[in-house]
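Student: Mind having a look at this structure? Questions to follow.
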There are 2 protein chains.
Amino acid sequence: MTATLSDKARALLARPVIANLATVSSDGSPQLTPLWIDVDGDALLINTAAGRVKANNIKRDSRVAVSVVDPEDPYNVVVVKGTVTAVTEEGADAHIDVLAKKYLGVDEYPMRRPGEVRLKIRIRPDRIPMQG
Amino acid sequence: MTATLSDKARALLARPVIANLATVSSDGSPQLTPLWIDVDGDALLINTAAGRVKANNIKRDSRVAVSVVDPEDPYNVVVVKGTVTAVTEEGADAHIDVLAKKYLGVDEYPMRRPGEVRLKIRIRPDRIPMQG
């Protein structure tokens with residue numbers, strides 16, 4: 001079941017605010033990563049490089065949580081429990097450029113590493129425990 | 001083994017910046033909660049009410065992760081993987097007042113609920129994957 005983001009949550013997610021992504025490691029402990037995020041319809045989109053811990057965790061267990069806190073208003077918060085529904089190389093390079101535009105104001109992601117394979121990760125919100 | 005916070009990490013944690021705490025739920029999925037935080041020596045201290053999801057999760061599995069992102073500089077980040085070493089009622093009421101002073105500038109935590117039992121939670125950093 002997909003949970004629906006409120007207009008206020010969408011407004012927060014549209015701003016260049018760093019999100020935190022929680023995944024579960026192979027030993028069952030929680031893993032936390034600050035990252036860029038955006039929204040496509042009701043889905044959350046993040047972007048990482050193949051081989052990173054969070055990418056490996058998601059491959060093993062698609063259950064994740066995402067938190068975004070408004071730096072100007074700590075009561076304006078979005079917390080999502082969700083499921084990764086797609087991890088794709090296709091479109092991932094274009095998508096990291098979109099995120100670079102949002103967060104850095106530049107047309108092209110400036111931190112690409114040689115040989116790096118980008119992954120676009122789509123998260124379906126299952127529950128939204130907090131949204132302002 | 002205790003990992004040691006850098007001076008820069010300590011400086012960030014001393015500011016009233018909202019942290020995110022990741023725990024693992026009974027079904028194995030990750031749980032994420034924005035909260036107040038402070039530091040005691042090398043330990044991180046948080047405060048919650050008995051019965052909350054994160055308190056129950058910690059009782060079952062003491063492994064947690066904590067992330068703090070500087071709202072003014074997204075590259076100034078502290079991410080800690082740690083273990084809860086103590087959950088105490090003793091001192092928890094005084095401690096939530098300390099946090100209220102830090103985050104709200106008031107002497108007394110203004111959101112107490114009748115009958116609420118506060119818990120002070122001590123986290124030992126085991127690894128610090130990111131610190132500015």
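Order determines the names: the first chain of the structure tokens is A, the second B, and so forth; residues in each chain are numbered 1 upward, and ligands are numbered 1 upward as they are shown.
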Pick out the chain B residues within 8 Å of chain A. Count only C-alpha atoms. Give them as a PDB file with N, CA and C atoms, in the first residue's frame.

Tutor:
ATOM      1  N   ILE B  18      18.947  19.178  15.301  1.00  0.00           N
ATOM      2  CA  ILE B  18      18.175  17.950  15.459  1.00  0.00           C
ATOM      3  C   ILE B  18      18.966  16.762  14.913  1.00  0.00           C
ATOM      4  N   ASN B  20      19.130  12.501  13.989  1.00  0.00           N
ATOM      5  CA  ASN B  20      18.268  11.384  13.627  1.00  0.00           C
ATOM      6  C   ASN B  20      18.817  10.108  14.240  1.00  0.00           C
ATOM      7  N   ALA B  22      18.508   5.968  14.309  1.00  0.00           N
ATOM      8  CA  ALA B  22      17.992   4.768  13.651  1.00  0.00           C
ATOM      9  C   ALA B  22      18.075   3.595  14.611  1.00  0.00           C
ATOM     10  N   THR B  23      16.959   2.884  14.728  1.00  0.00           N
ATOM     11  CA  THR B  23      16.904   1.645  15.500  1.00  0.00           C
ATOM     12  C   THR B  23      16.311   0.576  14.579  1.00  0.00           C
ATOM     13  N   VAL B  24      16.243  -0.655  15.089  1.00  0.00           N
ATOM     14  CA  VAL B  24      15.663  -1.729  14.284  1.00  0.00           C
ATOM     15  C   VAL B  24      14.382  -2.219  14.960  1.00  0.00           C
ATOM     16  N   GLY B  28      12.371  -6.274  11.960  1.00  0.00           N
ATOM     17  CA  GLY B  28      13.657  -6.160  11.283  1.00  0.00           C
ATOM     18  C   GLY B  28      13.794  -4.949  10.373  1.00  0.00           C
ATOM     19  N   SER B  29      12.742  -4.169  10.249  1.00  0.00           N
ATOM     20  CA  SER B  29      12.828  -2.977   9.398  1.00  0.00           C
ATOM     21  C   SER B  29      13.429  -1.811  10.180  1.00  0.00           C
ATOM     22  N   PRO B  30      14.041  -0.854   9.470  1.00  0.00           N
ATOM     23  CA  PRO B  30      14.650   0.275  10.181  1.00  0.00           C
ATOM     24  C   PRO B  30      13.615   1.296  10.619  1.00  0.00           C
ATOM     25  N   GLN B  31      13.881   1.885  11.770  1.00  0.00           N
ATOM     26  CA  GLN B  31      13.012   2.906  12.379  1.00  0.00           C
ATOM     27  C   GLN B  31      13.841   4.180  12.516  1.00  0.00           C
ATOM     28  N   LEU B  32      13.266   5.319  12.189  1.00  0.00           N
ATOM     29  CA  LEU B  32      14.019   6.572  12.187  1.00  0.00           C
ATOM     30  C   LEU B  32      13.255   7.617  12.985  1.00  0.00           C
ATOM     31  N   THR B  33      13.946   8.310  13.891  1.00  0.00           N
ATOM     32  CA  THR B  33      13.307   9.308  14.734  1.00  0.00           C
ATOM     33  C   THR B  33      14.169  10.543  14.845  1.00  0.00           C
ATOM     34  N   PRO B  34      13.648  11.715  14.507  1.00  0.00           N
ATOM     35  CA  PRO B  34      14.364  12.960  14.787  1.00  0.00           C
ATOM     36  C   PRO B  34      14.277  13.260  16.284  1.00  0.00           C
ATOM     37  N   ARG B  63      21.714  -1.993  19.240  1.00  0.00           N
ATOM     38  CA  ARG B  63      22.513  -1.378  18.177  1.00  0.00           C
ATOM     39  C   ARG B  63      21.745  -0.241  17.511  1.00  0.00           C
ATOM     40  N   VAL B  64      22.369   0.921  17.428  1.00  0.00           N
ATOM     41  CA  VAL B  64      21.716   2.108  16.878  1.00  0.00           C
ATOM     42  C   VAL B  64      22.681   2.841  15.938  1.00  0.00           C
ATOM     43  N   ALA B  65      22.134   3.778  15.190  1.00  0.00           N
ATOM     44  CA  ALA B  65      22.967   4.713  14.437  1.00  0.00           C
ATOM     45  C   ALA B  65      22.398   6.110  14.651  1.00  0.00           C
ATOM     46  N   VAL B  66      23.285   7.096  14.651  1.00  0.00           N
ATOM     47  CA  VAL B  66      22.894   8.489  14.879  1.00  0.00           C
ATOM     48  C   VAL B  66      23.529   9.351  13.797  1.00  0.00           C
ATOM     49  N   SER B  67      22.754  10.277  13.261  1.00  0.00           N
ATOM     50  CA  SER B  67      23.268  11.204  12.256  1.00  0.00           C
ATOM     51  C   SER B  67      22.916  12.631  12.657  1.00  0.00           C
ATOM     52  N   VAL B  69      23.435  16.504  10.903  1.00  0.00           N
ATOM     53  CA  VAL B  69      23.886  17.264   9.732  1.00  0.00           C
ATOM     54  C   VAL B  69      23.766  18.753  10.052  1.00  0.00           C
ATOM     55  N   PRO B  71      22.848  22.250   9.552  1.00  0.00           N
ATOM     56  CA  PRO B  71      21.898  22.852   8.607  1.00  0.00           C
ATOM     57  C   PRO B  71      22.533  23.954   7.764  1.00  0.00           C
ATOM     58  N   PRO B  74      26.080  21.247   4.696  1.00  0.00           N
ATOM     59  CA  PRO B  74      25.744  19.822   4.559  1.00  0.00           C
ATOM     60  C   PRO B  74      26.957  18.898   4.510  1.00  0.00           C
ATOM     61  N   VAL B  79      28.144  10.956  11.665  1.00  0.00           N
ATOM     62  CA  VAL B  79      27.364   9.713  11.670  1.00  0.00           C
ATOM     63  C   VAL B  79      28.068   8.729  12.592  1.00  0.00           C
ATOM     64  N   LYS B  81      27.854   4.874  14.480  1.00  0.00           N
ATOM     65  CA  LYS B  81      27.235   3.573  14.754  1.00  0.00           C
ATOM     66  C   LYS B  81      27.586   3.224  16.194  1.00  0.00           C
TER      67      LYS B  81
END

Student: Compile the contact shell of range 108-124 of chain A as a ChimeraX atom specification: residues with an atom at most 7 Å away, counting only C-alpha atoms, same-chain residues fewer than 4 positions apart removed.

Tutor: /A:2,43-50,82-89,92-93,96-97,100

Student: Can you check which residues of chain B DSSP gives as strand (DSSP E) on the backbone and send them as a ChimeraX atom specification?

Tutor: /B:19-24,30-35,38-40,43-49,63-69,77-88,118-131

Student: Identify, on the basis of only C-alpha atoms, every residue whose closest approach to Met1 in chain B does not exceed 10 Å; exclude the query and any residue fewer than 2 positions from it along the same chain; express the result as a list of chain:residue names.

Tutor: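 Final neighbour list, sorted by chain and number: B:Ala3, B:Thr4, B:Gly82, B:Arg124, B:Pro125, B:Asp126, B:Arg127.
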
Student: Would you write out those residues with C-alpha atoms, as an mmCIF file, in the first residue's frame?

Tutor:
data_model
loop_
_atom_site.group_PDB
_atom_site.id
_atom_site.type_symbol
_atom_site.label_atom_id
_atom_site.label_comp_id
_atom_site.auth_asym_id
_atom_site.auth_seq_id
_atom_site.Cartn_x
_atom_site.Cartn_y
_atom_site.Cartn_z
ATOM 1 C CA ALA B 3 35.345 5.485 19.013
ATOM 2 C CA THR B 4 36.336 9.055 19.776
ATOM 3 C CA GLY B 82 26.878 2.708 18.396
ATOM 4 C CA ARG B 124 28.603 4.343 23.125
ATOM 5 C CA PRO B 125 30.029 5.223 19.684
ATOM 6 C CA ASP B 126 31.540 2.013 18.253
ATOM 7 C CA ARG B 127 32.390 3.435 14.845
#

Student: Just give me the gap between CA of Ser26 in chain B and CA of Asn56 in chain A in Å, one decimal is fine.

Tutor: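 It comes out at 21.6 Å.
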